[in-house]
$ cat final-v1.txt   # compact mmCIF, C-alpha atoms
# COMPACT_ATOMS: atom_id res chain seq x y z
CA MET F 1 -4.82 -23.74 -0.74
CA ALA F 2 -7.74 -25.65 0.70
CA ALA F 3 -10.41 -23.02 0.07
CA SER F 4 -9.93 -23.14 -3.71
CA GLU F 5 -8.80 -26.79 -3.76
CA LEU F 6 -5.51 -25.77 -5.34
CA ASP F 7 -2.85 -28.33 -6.19
CA ALA F 8 -0.12 -25.70 -6.40
CA VAL F 9 0.48 -21.97 -6.22
CA VAL F 10 2.99 -20.04 -8.33
CA LEU F 11 4.53 -16.90 -6.86
CA VAL F 12 6.54 -14.18 -8.57
CA PRO F 13 8.67 -11.59 -6.73
CA GLY F 14 6.48 -9.34 -4.65
CA ALA F 15 4.95 -9.11 -1.19
CA ASN F 16 3.83 -12.75 -0.87
CA PHE F 17 7.16 -14.00 -2.23
CA ARG F 18 9.05 -11.82 0.26
CA PHE F 19 6.81 -12.82 3.15
CA LEU F 20 7.43 -16.54 2.57
CA THR F 21 11.11 -16.43 1.65
CA GLY F 22 12.56 -13.16 2.88
CA GLY F 23 13.84 -12.67 -0.65
CA VAL F 24 13.63 -9.44 -2.62
CA PHE F 25 14.14 -9.97 -6.34
CA PRO F 26 13.55 -7.55 -9.23
CA LEU F 27 10.38 -8.00 -11.25
CA ARG F 28 11.98 -7.43 -14.62
CA GLU F 29 12.41 -9.25 -17.91
CA ARG F 30 14.03 -12.33 -16.33
CA PRO F 31 11.33 -14.47 -14.66
CA THR F 32 11.82 -15.79 -11.14
CA LEU F 33 9.11 -18.17 -9.89
CA LEU F 34 8.50 -20.10 -6.70
CA VAL F 35 6.06 -23.01 -6.87
CA VAL F 36 4.60 -24.59 -3.73
CA THR F 37 2.42 -27.70 -4.01
CA ALA F 38 -0.41 -28.81 -1.77
CA ASP F 39 1.90 -31.57 -0.49
CA GLY F 40 4.38 -28.97 0.74
CA ASP F 41 6.98 -29.51 -1.97
CA ALA F 42 8.66 -26.45 -3.46
CA PHE F 43 10.57 -25.76 -6.64
CA ALA F 44 11.85 -22.58 -8.21
CA ILE F 45 12.91 -21.10 -11.53
CA VAL F 46 15.75 -18.64 -10.95
CA PRO F 47 17.97 -16.62 -13.33
CA GLY F 48 21.58 -17.71 -12.98
CA LEU F 49 22.72 -14.21 -12.07
CA GLU F 50 20.41 -14.33 -9.02
CA GLU F 51 21.84 -17.64 -7.74
CA PRO F 52 23.98 -16.03 -4.97
CA SER F 53 20.96 -14.09 -3.67
CA TRP F 54 18.80 -17.21 -3.80
CA GLN F 55 21.33 -19.28 -1.85
CA LYS F 56 21.21 -16.79 1.03
CA LEU F 57 17.54 -17.65 1.60
CA SER F 58 18.16 -21.27 2.71
CA ILE F 59 14.93 -22.43 1.09
CA GLU F 60 14.44 -26.18 0.64
CA ALA F 61 13.44 -26.24 -3.00
CA ASP F 62 14.44 -27.89 -6.23
CA VAL F 63 15.93 -25.06 -8.30
CA ALA F 64 16.16 -24.77 -12.06
CA LEU F 65 18.73 -22.12 -12.94
CA TRP F 66 18.73 -20.61 -16.40
CA THR F 67 20.99 -18.28 -18.35
CA ASP F 68 20.33 -15.53 -20.84
CA ALA F 69 21.97 -17.65 -23.55
CA GLU F 70 19.56 -20.58 -23.17
CA GLY F 71 16.48 -18.63 -22.10
CA TYR F 72 13.93 -19.58 -19.46
CA GLY F 73 11.97 -22.06 -21.60
CA PRO F 74 14.00 -25.18 -20.65
CA ALA F 75 13.78 -24.30 -16.96
CA PHE F 76 9.99 -24.02 -17.17
CA ARG F 77 9.71 -27.36 -19.01
CA ARG F 78 11.94 -29.09 -16.46
CA MET F 79 10.10 -27.79 -13.42
CA PHE F 80 6.64 -28.46 -14.81
CA ALA F 81 7.43 -31.87 -16.30
CA GLY F 82 4.80 -34.56 -15.89
CA ASP F 83 1.06 -34.69 -16.31
CA TRP F 84 -0.78 -31.66 -14.93
CA SER F 85 -4.14 -32.58 -16.46
CA GLY F 86 -7.06 -31.81 -14.18
CA ARG F 87 -4.92 -30.02 -11.60
CA ARG F 88 -5.64 -26.53 -10.29
CA VAL F 89 -2.79 -24.03 -10.24
CA GLY F 90 -3.22 -20.69 -8.48
CA VAL F 91 -1.35 -17.58 -9.59
CA GLU F 92 -1.18 -13.98 -8.39
CA GLY F 93 -3.45 -12.36 -10.95
CA GLN F 94 -2.55 -8.82 -9.93
CA LEU F 95 1.18 -9.45 -10.22
CA MET F 96 2.09 -12.18 -12.71
CA ARG F 97 2.96 -10.75 -16.14
CA ALA F 98 1.45 -12.05 -19.37
CA PHE F 99 4.69 -13.63 -20.63
CA GLU F 100 5.09 -15.58 -17.37
CA LEU F 101 1.50 -16.76 -17.52
CA MET F 102 1.87 -17.85 -21.16
CA ALA F 103 5.06 -19.78 -20.37
CA LEU F 104 3.33 -21.47 -17.44
CA GLU F 105 0.19 -22.41 -19.39
CA ALA F 106 2.29 -23.87 -22.21
CA CYS F 107 3.91 -26.26 -19.72
CA VAL F 108 0.76 -27.41 -17.92
CA PRO F 109 -1.73 -28.32 -20.69
CA GLY F 110 -4.97 -29.58 -19.23
CA ALA F 111 -4.47 -27.78 -15.92
CA ALA F 112 -6.78 -25.03 -14.72
CA VAL F 113 -4.72 -21.91 -14.06
CA ILE F 114 -6.78 -19.59 -11.85
CA ASP F 115 -6.36 -16.21 -10.22
CA ALA F 116 -5.85 -16.97 -6.53
CA HIS F 117 -4.25 -13.65 -5.62
CA GLU F 118 -6.73 -12.83 -2.84
CA GLU F 119 -6.52 -16.29 -1.26
CA ILE F 120 -2.72 -16.39 -1.43
CA SER F 121 -2.46 -12.96 0.15
CA THR F 122 -4.44 -14.00 3.23
CA ILE F 123 -1.14 -15.29 4.64
CA ARG F 124 -0.29 -11.62 5.32
CA LEU F 125 -3.62 -10.45 6.77
CA ALA F 126 -2.75 -10.61 10.48
CA LYS F 127 0.54 -8.91 11.27
CA ASP F 128 2.80 -10.43 13.91
CA PRO F 129 4.72 -8.38 16.52
CA ASP F 130 7.81 -8.02 14.30
CA GLU F 131 5.71 -6.74 11.40
CA ILE F 132 3.88 -4.30 13.66
CA ALA F 133 7.20 -3.05 15.03
CA ALA F 134 8.43 -2.41 11.48
CA LEU F 135 5.24 -0.52 10.67
CA ARG F 136 5.56 1.58 13.80
CA ARG F 137 9.10 2.50 12.79
CA ALA F 138 8.09 3.38 9.23
CA ILE F 139 5.27 5.56 10.54
CA ALA F 140 7.47 7.31 13.10
CA LEU F 141 10.03 8.18 10.42
CA THR F 142 7.27 9.41 8.11
CA GLU F 143 5.83 11.68 10.76
CA ALA F 144 9.28 13.05 11.60
CA ALA F 145 9.94 13.93 7.95
CA LEU F 146 6.54 15.58 7.58
CA ALA F 147 6.94 17.60 10.78
CA GLU F 148 10.28 18.95 9.63
CA THR F 149 9.02 19.69 6.12
CA ILE F 150 6.04 21.82 7.13
CA ARG F 151 8.31 24.08 9.20
CA HIS F 152 9.64 25.45 5.90
CA VAL F 153 6.33 25.97 4.05
CA ARG F 154 5.57 29.55 3.07
CA VAL F 155 3.20 31.41 0.74
CA ASP F 156 4.53 31.50 -2.85
CA MET F 157 6.49 28.24 -2.54
CA SER F 158 5.86 25.81 -5.39
CA GLU F 159 4.63 22.27 -4.91
CA ARG F 160 7.88 21.06 -6.45
CA GLU F 161 9.98 23.05 -3.98
CA ILE F 162 8.01 21.63 -1.08
CA GLN F 163 8.33 18.10 -2.41
CA THR F 164 12.09 18.56 -2.72
CA ARG F 165 12.21 19.53 0.93
CA LEU F 166 10.05 16.52 1.81
CA LEU F 167 12.43 14.18 -0.03
CA MET F 168 15.44 15.74 1.68
CA GLU F 169 13.88 15.31 5.11
CA SER F 170 12.85 11.76 4.23
CA MET F 171 16.40 10.83 3.29
CA ALA F 172 17.66 12.31 6.56
CA THR F 173 15.52 9.88 8.59
CA GLY F 174 17.56 6.85 7.48
CA SER F 175 14.49 5.00 6.23
CA GLU F 176 14.60 2.46 3.40
CA GLY F 177 13.10 5.09 1.14
CA LEU F 178 9.69 6.12 -0.10
CA ALA F 179 6.81 3.69 0.33
CA PHE F 180 5.20 5.12 -2.83
CA PRO F 181 5.45 8.28 -4.96
CA PRO F 182 4.25 11.14 -2.72
CA THR F 183 1.42 13.56 -3.32
CA VAL F 184 2.14 17.23 -2.59
CA ALA F 185 -0.84 19.21 -3.82
CA GLY F 186 -1.65 22.86 -3.22
CA GLY F 187 -4.78 24.93 -3.78
CA PRO F 188 -7.07 23.54 -6.50
CA ASN F 189 -4.72 20.61 -7.12
CA SER F 190 -5.65 19.24 -3.69
CA ALA F 191 -9.00 18.24 -5.22
CA MET F 192 -7.21 15.64 -7.37
CA SER F 193 -6.88 12.48 -5.30
CA HIS F 194 -3.37 11.58 -6.47
CA ALA F 195 -2.01 14.83 -7.86
CA LYS F 196 1.69 15.16 -8.62
CA ALA F 197 3.80 18.09 -7.52
CA GLY F 198 4.22 20.75 -10.19
CA ASP F 199 4.91 24.45 -10.60
CA TYR F 200 1.80 25.68 -8.80
CA ARG F 201 2.75 28.28 -6.16
CA LEU F 202 0.88 28.47 -2.89
CA GLN F 203 -1.41 31.42 -2.34
CA ARG F 204 -2.66 32.76 0.96
CA GLY F 205 -5.74 30.78 2.02
CA ASP F 206 -4.82 27.65 0.02
CA VAL F 207 -4.76 24.18 1.47
CA LEU F 208 -1.70 21.99 1.09
CA LEU F 209 -2.23 18.22 1.03
CA PHE F 210 0.52 15.67 1.71
CA ASP F 211 -0.04 11.96 1.08
CA PHE F 212 3.16 10.02 1.55
CA GLY F 213 4.98 7.38 3.53
CA LEU F 214 8.37 5.85 4.18
CA ALA F 215 9.38 2.19 4.41
CA TRP F 216 11.19 0.16 7.03
CA GLU F 217 12.17 -3.51 6.53
CA GLY F 218 9.78 -3.57 3.59
CA TYR F 219 6.76 -2.34 5.56
CA ARG F 220 5.12 0.86 4.41
CA ALA F 221 3.57 3.84 6.10
CA ASP F 222 0.77 5.80 4.41
CA ILE F 223 -0.27 9.12 5.95
CA THR F 224 -2.29 12.06 4.66
CA ARG F 225 -2.55 15.46 6.30
CA THR F 226 -4.05 18.65 4.90
CA PHE F 227 -2.85 22.06 6.07
CA PHE F 228 -3.89 25.67 5.50
CA VAL F 229 -1.39 28.20 4.20
CA GLY F 230 -1.34 31.74 5.59
CA ASP F 231 -5.02 31.78 6.49
CA ALA F 232 -8.09 29.53 6.62
CA ALA F 233 -11.51 30.61 5.36
CA ALA F 234 -14.49 29.73 7.56
CA ALA F 235 -16.10 27.64 4.80
CA ASP F 236 -12.90 25.64 4.31
CA LEU F 237 -12.57 25.06 8.03
CA ASP F 238 -16.12 23.70 8.07
CA LEU F 239 -15.23 21.27 5.27
CA TYR F 240 -12.13 20.26 7.20
CA ARG F 241 -14.04 19.60 10.40
CA VAL F 242 -16.49 17.27 8.64
CA VAL F 243 -13.56 15.20 7.35
CA GLN F 244 -11.93 15.30 10.78
CA GLU F 245 -15.12 14.01 12.41
CA ALA F 246 -15.41 11.23 9.83
CA ASN F 247 -11.81 10.22 10.51
CA GLU F 248 -12.43 10.19 14.26
CA LEU F 249 -15.63 8.15 13.78
CA GLY F 250 -13.76 5.57 11.71
CA ARG F 251 -10.93 5.27 14.23
CA ARG F 252 -13.40 4.97 17.10
CA SER F 253 -15.58 2.38 15.33
CA ALA F 254 -12.87 -0.04 14.17
CA ARG F 255 -12.83 -3.28 16.16
CA PRO F 256 -12.41 -7.02 15.70
CA GLY F 257 -15.48 -8.77 14.31
CA LEU F 258 -16.78 -5.72 12.44
CA ALA F 259 -17.09 -6.31 8.71
CA ALA F 260 -14.74 -4.16 6.66
CA GLY F 261 -17.68 -3.10 4.52
CA THR F 262 -19.65 -2.01 7.57
CA LEU F 263 -16.79 0.23 8.71
CA ASP F 264 -16.85 1.89 5.30
CA GLU F 265 -20.62 2.34 5.56
CA ILE F 266 -20.19 4.05 8.95
CA VAL F 267 -17.59 6.52 7.70
CA THR F 268 -18.94 7.11 4.20
CA GLY F 269 -22.48 7.28 5.57
CA PHE F 270 -21.41 10.11 7.85
CA LEU F 271 -19.92 12.03 4.93
CA LYS F 272 -22.98 11.35 2.77
CA GLY F 273 -25.17 12.69 5.56
CA SER F 274 -23.29 15.98 5.66
CA ALA F 275 -23.82 19.08 3.56
CA TYR F 276 -21.03 17.82 1.30
CA ALA F 277 -22.52 14.53 0.11
CA ASP F 278 -21.65 15.30 -3.51
CA GLN F 279 -17.96 15.68 -2.66
CA VAL F 280 -17.40 12.05 -1.55
CA ARG F 281 -15.15 10.29 -4.04
CA HIS F 282 -13.61 7.12 -2.60
CA ARG F 283 -13.79 4.27 -0.08
CA THR F 284 -12.66 4.66 3.52
CA GLY F 285 -9.38 2.77 3.37
CA HIS F 286 -7.17 -0.16 2.45
CA GLY F 287 -4.86 -2.67 4.08
CA LEU F 288 -1.23 -1.79 4.67
CA GLY F 289 1.95 -3.83 5.05
CA LEU F 290 4.50 -5.06 2.55
CA GLU F 291 2.21 -3.50 -0.06
CA ILE F 292 0.83 -0.01 0.07
CA HIS F 293 -2.61 -1.34 -0.92
CA GLU F 294 -3.58 -4.82 0.24
CA ASP F 295 -6.35 -6.63 2.11
CA PRO F 296 -8.39 -5.83 4.08
CA TYR F 297 -10.06 -3.18 1.92
CA ILE F 298 -12.36 -0.91 3.91
CA GLN F 299 -14.99 -0.78 1.22
CA ARG F 300 -18.71 -1.32 0.99
CA GLY F 301 -19.66 -4.88 0.15
CA VAL F 302 -16.58 -6.45 1.77
CA ALA F 303 -17.92 -9.01 4.24
CA ARG F 304 -14.53 -9.97 5.69
CA ALA F 305 -14.55 -9.40 9.44
CA LEU F 306 -11.70 -7.40 10.89
CA GLN F 307 -9.37 -9.40 13.11
CA ALA F 308 -6.59 -8.66 15.56
CA GLY F 309 -3.40 -7.92 13.65
CA ASN F 310 -5.08 -6.30 10.67
CA VAL F 311 -3.50 -2.98 9.66
CA PHE F 312 -5.36 -0.59 7.39
CA THR F 313 -5.96 3.07 6.68
CA ILE F 314 -8.85 5.32 7.63
CA GLU F 315 -8.76 8.14 5.08
CA PRO F 316 -12.04 9.98 4.52
CA GLY F 317 -11.92 12.89 2.13
CA LEU F 318 -14.07 15.56 0.52
CA TYR F 319 -13.20 17.17 -2.81
CA MET F 320 -14.59 20.21 -4.59
CA PRO F 321 -13.26 20.05 -8.16
CA HIS F 322 -10.91 22.88 -9.18
CA ARG F 323 -11.06 24.44 -5.70
CA ILE F 324 -10.18 22.35 -2.65
CA GLY F 325 -9.66 18.83 -1.35
CA ILE F 326 -9.39 17.70 2.28
CA ARG F 327 -8.20 14.24 3.35
CA ILE F 328 -7.01 12.97 6.73
CA GLU F 329 -5.45 9.51 6.73
CA ASP F 330 -4.35 7.37 9.66
CA ASP F 331 -2.88 3.87 9.88
CA MET F 332 -4.87 1.60 12.20
CA LEU F 333 -4.05 -1.65 14.00
CA VAL F 334 -6.88 -3.92 15.12
CA THR F 335 -6.27 -5.22 18.64
CA GLU F 336 -8.01 -7.95 20.64
CA SER F 337 -10.36 -5.39 22.20
CA GLY F 338 -10.59 -2.57 19.66
CA ALA F 339 -8.17 -0.65 17.48
CA GLU F 340 -5.11 1.55 17.88
CA SER F 341 -4.01 4.39 15.66
CA LEU F 342 -0.37 3.79 14.80
CA THR F 343 -0.21 7.36 13.53
CA SER F 344 -0.10 10.18 16.05
CA PHE F 345 0.46 13.26 13.89
CA PRO F 346 -1.96 16.06 14.96
CA ARG F 347 -5.28 16.16 13.15
CA ASP F 348 -6.59 19.57 14.20
CA PRO F 349 -6.51 22.35 11.58
CA VAL F 350 -3.07 23.95 11.25
CA VAL F 351 -2.17 27.16 9.41
CA LEU F 352 1.37 27.14 8.00
CA GLY F 353 3.60 30.05 7.16
$ encode --input "final-v1.txt" --output "structure tokens"
Amino acid sequence: MAASELDAVVLVPGANFRFLTGGVFPLRERPTLLVVTADGDAFAIVPGLEEPSWQKLSIEADVALWTDAEGYGPAFRRMFAGDWSGRRVGVEGQLMRAFELMALEACVPGAAVIDAHEEISTIRLAKDPDEIAALRRAIALTEAALAETIRHVRVDMSEREIQTRLLMESMATGSEGLAFPPTVAGGPNSAMSHAKAGDYRLQRGDVLLFDFGLAWEGYRADITRTFFVGDAAAADLDLYRVVQEANELGRRSARPGLAAGTLDEIVTGFLKGSAYADQVRHRTGHGLGLEIHEDPYIQRGVARALQAGNVFTIEPGLYMPHRIGIRIEDDMLVTESGAESLTSFPRDPVVLG
């Protein structure tokens, strides 16, 4: 809290809430809030039906329970009683809903309520050994499901059929479930960064792009691989190899002390210097952990230096609208001396079917 001189932070269920408490609560119409002050005091607003789940957390906090019959207003007024004038209250601007913010502001007149999402989330920047172990497990299960899925890919299969197979193989791993809705995109649909599986049927010479991940103990894998189906045209292989080289360059360049923005400049600069400069569409990567997208963002202009324990993606891509898209994504861990790819799935061109 020191950087923004905050007097308190207010958390709603999500990654930061889970990291601090171990609790997983639904982010629905019933507000659940945890407030931590600069003095180390904590209090919470909890729906009565969640009381048993809250008690399992063994958190030392003053708790205001509320029921559907009375509404959450009295609980807010009780917890935020007193004079908040001139105090600074940080909230998670990317997560707190408008009705929660309005209820909070009504109870702290004179206080400055500010978006401190980025500062709050720094508590999760450097992963500890247990977090890294969970990520390794999530990644291993993801790679196992992908390896089994591609064994069944054939010309004339639809994206939807392939996605069904992917989901079946994912369930068979025993993971916690999907880390995010997967992308299974064939042929021209591969040029859409986050395409959804549909009725398109694979043709000989198409590419097939998978972007998906599984979760373990809340931690999420995020892997992209692009395959050829039946055959691979020389021009498409050339496009693939440029992306592959950019991915390798990013993995080789990552190290502690390097600014996240500089890593993006290295990778994106390589792509921009190729014959496919016009096909670059996005940044190099993003942080990975309890959220599928979190700090550190591997993006130009980000001055934050990488540090040991950071986990993020390297995912260069090139996209020719209405024809083809190639992306290769790996999950990286910054170590004391360099970086390690947590993903090991082959990156060389593969023809399926």
$ residues_around --input "final-v1.txt" --residues "region 333-347 of chain F" --least-positions-apart "6" --cutoff "6 Å" --atoms "all atoms listed in the file" --output "PyMOL selection string"
chain F and resi 254-255+308-311
$ residues_around --input "final-v1.txt" --residues "Thr284 (chain F)" --least-positions-apart "5" --cutoff "10 Å" --atoms "all atoms listed in the file" --output "CSV table (one decimal) with C-alpha atoms, keeping the file's coordinate frame"
chain,number,residue,atom,x,y,z
F,246,ALA,CA,-15.4,11.2,9.8
F,247,ASN,CA,-11.8,10.2,10.5
F,250,GLY,CA,-13.8,5.6,11.7
F,260,ALA,CA,-14.7,-4.2,6.7
F,261,GLY,CA,-17.7,-3.1,4.5
F,263,LEU,CA,-16.8,0.2,8.7
F,264,ASP,CA,-16.8,1.9,5.3
F,265,GLU,CA,-20.6,2.3,5.6
F,266,ILE,CA,-20.2,4.0,9.0
F,267,VAL,CA,-17.6,6.5,7.7
F,268,THR,CA,-18.9,7.1,4.2
F,297,TYR,CA,-10.1,-3.2,1.9
F,298,ILE,CA,-12.4,-0.9,3.9
F,299,GLN,CA,-15.0,-0.8,1.2
F,300,ARG,CA,-18.7,-1.3,1.0
F,312,PHE,CA,-5.4,-0.6,7.4
F,313,THR,CA,-6.0,3.1,6.7
F,314,ILE,CA,-8.8,5.3,7.6
F,315,GLU,CA,-8.8,8.1,5.1
F,316,PRO,CA,-12.0,10.0,4.5
F,317,GLY,CA,-11.9,12.9,2.1
F,329,GLU,CA,-5.4,9.5,6.7
$ closest_residue --input "final-v1.txt" --among "F:Glu92, F:Glu159, F:Glu60, F:Asp39" --to "Val12 (chain F)" --atoms "all atoms listed in the file"
F:Glu92
$ atom_distance --input "final-v1.txt" --atom1 "CA of Arg136 (chain F)" --atom2 "CA of Ala215 (chain F)"
10.2 Å
$ residues_near_point --input "final-v1.txt" --point "(6.4, -23.3, -6.7)" --cutoff "7 Å" --atoms "all atoms listed in the file" --output "compact mmCIF listing (two decimals) with C-alpha atoms, in the coordinates of the input"
# COMPACT_ATOMS: atom_id res chain seq x y z
CA ALA F 8 -0.12 -25.70 -6.40
CA VAL F 9 0.48 -21.97 -6.22
CA VAL F 10 2.99 -20.04 -8.33
CA LEU F 11 4.53 -16.90 -6.86
CA LEU F 33 9.11 -18.17 -9.89
CA LEU F 34 8.50 -20.10 -6.70
CA VAL F 35 6.06 -23.01 -6.87
CA VAL F 36 4.60 -24.59 -3.73
CA THR F 37 2.42 -27.70 -4.01
CA ALA F 42 8.66 -26.45 -3.46
CA PHE F 43 10.57 -25.76 -6.64
CA ALA F 44 11.85 -22.58 -8.21
$ atom_distance --input "final-v1.txt" --atom1 "CA of Arg165 (chain F)" --atom2 "CA of Asp330 (chain F)"
22.3 Å
$ residues_around --input "final-v1.txt" --residues "region 221-230 of chain F" --least-positions-apart "4" --cutoff "6 Å" --atoms "only C-alpha atoms" --output "short mmCIF file (atom, residue, chain, number, x, y, z; two decimals) with C-alpha atoms, in the coordinates of the input"
data_model
loop_
_atom_site.label_atom_id
_atom_site.label_comp_id
_atom_site.auth_asym_id
_atom_site.auth_seq_id
_atom_site.Cartn_x
_atom_site.Cartn_y
_atom_site.Cartn_z
CA ALA F 138 8.09 3.38 9.23
CA ILE F 139 5.27 5.56 10.54
CA ARG F 204 -2.66 32.76 0.96
CA GLY F 205 -5.74 30.78 2.02
CA ASP F 206 -4.82 27.65 0.02
CA VAL F 207 -4.76 24.18 1.47
CA LEU F 208 -1.70 21.99 1.09
CA LEU F 209 -2.23 18.22 1.03
CA PHE F 210 0.52 15.67 1.71
CA ASP F 211 -0.04 11.96 1.08
CA PHE F 212 3.16 10.02 1.55
CA GLY F 213 4.98 7.38 3.53
CA LEU F 214 8.37 5.85 4.18
CA ILE F 328 -7.01 12.97 6.73
CA GLU F 329 -5.45 9.51 6.73
CA ASP F 330 -4.35 7.37 9.66
CA VAL F 350 -3.07 23.95 11.25
CA VAL F 351 -2.17 27.16 9.41
CA LEU F 352 1.37 27.14 8.00
CA GLY F 353 3.60 30.05 7.16
#
$ build_atoms --input "final-v1.txt" --residues "region 145-152 of chain F" --atoms "all heavy atoms" --output "PDB file, in the frame of the given file"
ATOM      1  N   ALA F 145       9.625  13.217   9.185  1.00  0.00           N
ATOM      2  CA  ALA F 145       9.940  13.930   7.950  1.00  0.00           C
ATOM      3  C   ALA F 145       8.877  14.972   7.625  1.00  0.00           C
ATOM      4  O   ALA F 145       9.195  16.095   7.184  1.00  0.00           O
ATOM      5  CB  ALA F 145      10.072  12.930   6.795  1.00  0.00           C
ATOM      6  N   LEU F 146       7.616  14.632   7.850  1.00  0.00           N
ATOM      7  CA  LEU F 146       6.540  15.580   7.580  1.00  0.00           C
ATOM      8  C   LEU F 146       6.612  16.777   8.532  1.00  0.00           C
ATOM      9  O   LEU F 146       6.466  17.931   8.099  1.00  0.00           O
ATOM     10  CB  LEU F 146       5.185  14.882   7.722  1.00  0.00           C
ATOM     11  CG  LEU F 146       3.944  15.750   7.491  1.00  0.00           C
ATOM     12  CD1 LEU F 146       3.964  16.367   6.087  1.00  0.00           C
ATOM     13  CD2 LEU F 146       2.674  14.937   7.702  1.00  0.00           C
ATOM     14  N   ALA F 147       6.861  16.512   9.809  1.00  0.00           N
ATOM     15  CA  ALA F 147       6.940  17.600  10.780  1.00  0.00           C
ATOM     16  C   ALA F 147       8.050  18.587  10.435  1.00  0.00           C
ATOM     17  O   ALA F 147       7.880  19.809  10.559  1.00  0.00           O
ATOM     18  CB  ALA F 147       7.164  17.025  12.184  1.00  0.00           C
ATOM     19  N   GLU F 148       9.172  18.072   9.987  1.00  0.00           N
ATOM     20  CA  GLU F 148      10.280  18.950   9.630  1.00  0.00           C
ATOM     21  C   GLU F 148       9.986  19.710   8.340  1.00  0.00           C
ATOM     22  O   GLU F 148      10.345  20.895   8.211  1.00  0.00           O
ATOM     23  CB  GLU F 148      11.560  18.125   9.488  1.00  0.00           C
ATOM     24  CG  GLU F 148      12.824  18.955   9.324  1.00  0.00           C
ATOM     25  CD  GLU F 148      13.095  19.871  10.507  1.00  0.00           C
ATOM     26  OE1 GLU F 148      12.698  19.528  11.645  1.00  0.00           O
ATOM     27  OE2 GLU F 148      13.689  20.953  10.304  1.00  0.00           O
ATOM     28  N   THR F 149       9.324  19.055   7.404  1.00  0.00           N
ATOM     29  CA  THR F 149       9.020  19.690   6.120  1.00  0.00           C
ATOM     30  C   THR F 149       8.100  20.892   6.283  1.00  0.00           C
ATOM     31  O   THR F 149       8.335  21.964   5.710  1.00  0.00           O
ATOM     32  CB  THR F 149       8.389  18.676   5.157  1.00  0.00           C
ATOM     33  OG1 THR F 149       9.318  17.626   4.908  1.00  0.00           O
ATOM     34  CG2 THR F 149       8.003  19.330   3.838  1.00  0.00           C
ATOM     35  N   ILE F 150       7.035  20.748   7.055  1.00  0.00           N
ATOM     36  CA  ILE F 150       6.040  21.820   7.130  1.00  0.00           C
ATOM     37  C   ILE F 150       6.587  23.058   7.840  1.00  0.00           C
ATOM     38  O   ILE F 150       6.024  24.149   7.692  1.00  0.00           O
ATOM     39  CB  ILE F 150       4.732  21.342   7.793  1.00  0.00           C
ATOM     40  CG1 ILE F 150       4.973  20.889   9.238  1.00  0.00           C
ATOM     41  CG2 ILE F 150       4.093  20.222   6.961  1.00  0.00           C
ATOM     42  CD1 ILE F 150       3.686  20.512   9.979  1.00  0.00           C
ATOM     43  N   ARG F 151       7.685  22.909   8.574  1.00  0.00           N
ATOM     44  CA  ARG F 151       8.310  24.080   9.200  1.00  0.00           C
ATOM     45  C   ARG F 151       8.803  25.071   8.154  1.00  0.00           C
ATOM     46  O   ARG F 151       8.949  26.269   8.443  1.00  0.00           O
ATOM     47  CB  ARG F 151       9.494  23.647  10.072  1.00  0.00           C
ATOM     48  CG  ARG F 151       9.137  22.881  11.318  1.00  0.00           C
ATOM     49  CD  ARG F 151      10.383  22.502  12.128  1.00  0.00           C
ATOM     50  NE  ARG F 151      11.203  23.665  12.433  1.00  0.00           N
ATOM     51  CZ  ARG F 151      12.435  23.869  11.967  1.00  0.00           C
ATOM     52  NH1 ARG F 151      12.987  23.002  11.140  1.00  0.00           N
ATOM     53  NH2 ARG F 151      13.107  24.960  12.317  1.00  0.00           N
ATOM     54  N   HIS F 152       9.041  24.610   6.940  1.00  0.00           N
ATOM     55  CA  HIS F 152       9.640  25.450   5.900  1.00  0.00           C
ATOM     56  C   HIS F 152       8.607  25.969   4.881  1.00  0.00           C
ATOM     57  O   HIS F 152       8.976  26.694   3.951  1.00  0.00           O
ATOM     58  CB  HIS F 152      10.712  24.654   5.163  1.00  0.00           C
ATOM     59  CG  HIS F 152      11.814  24.171   6.052  1.00  0.00           C
ATOM     60  ND1 HIS F 152      12.923  24.942   6.345  1.00  0.00           N
ATOM     61  CD2 HIS F 152      11.968  23.012   6.734  1.00  0.00           C
ATOM     62  CE1 HIS F 152      13.719  24.264   7.164  1.00  0.00           C
ATOM     63  NE2 HIS F 152      13.172  23.090   7.412  1.00  0.00           N
TER      64      HIS F 152
END
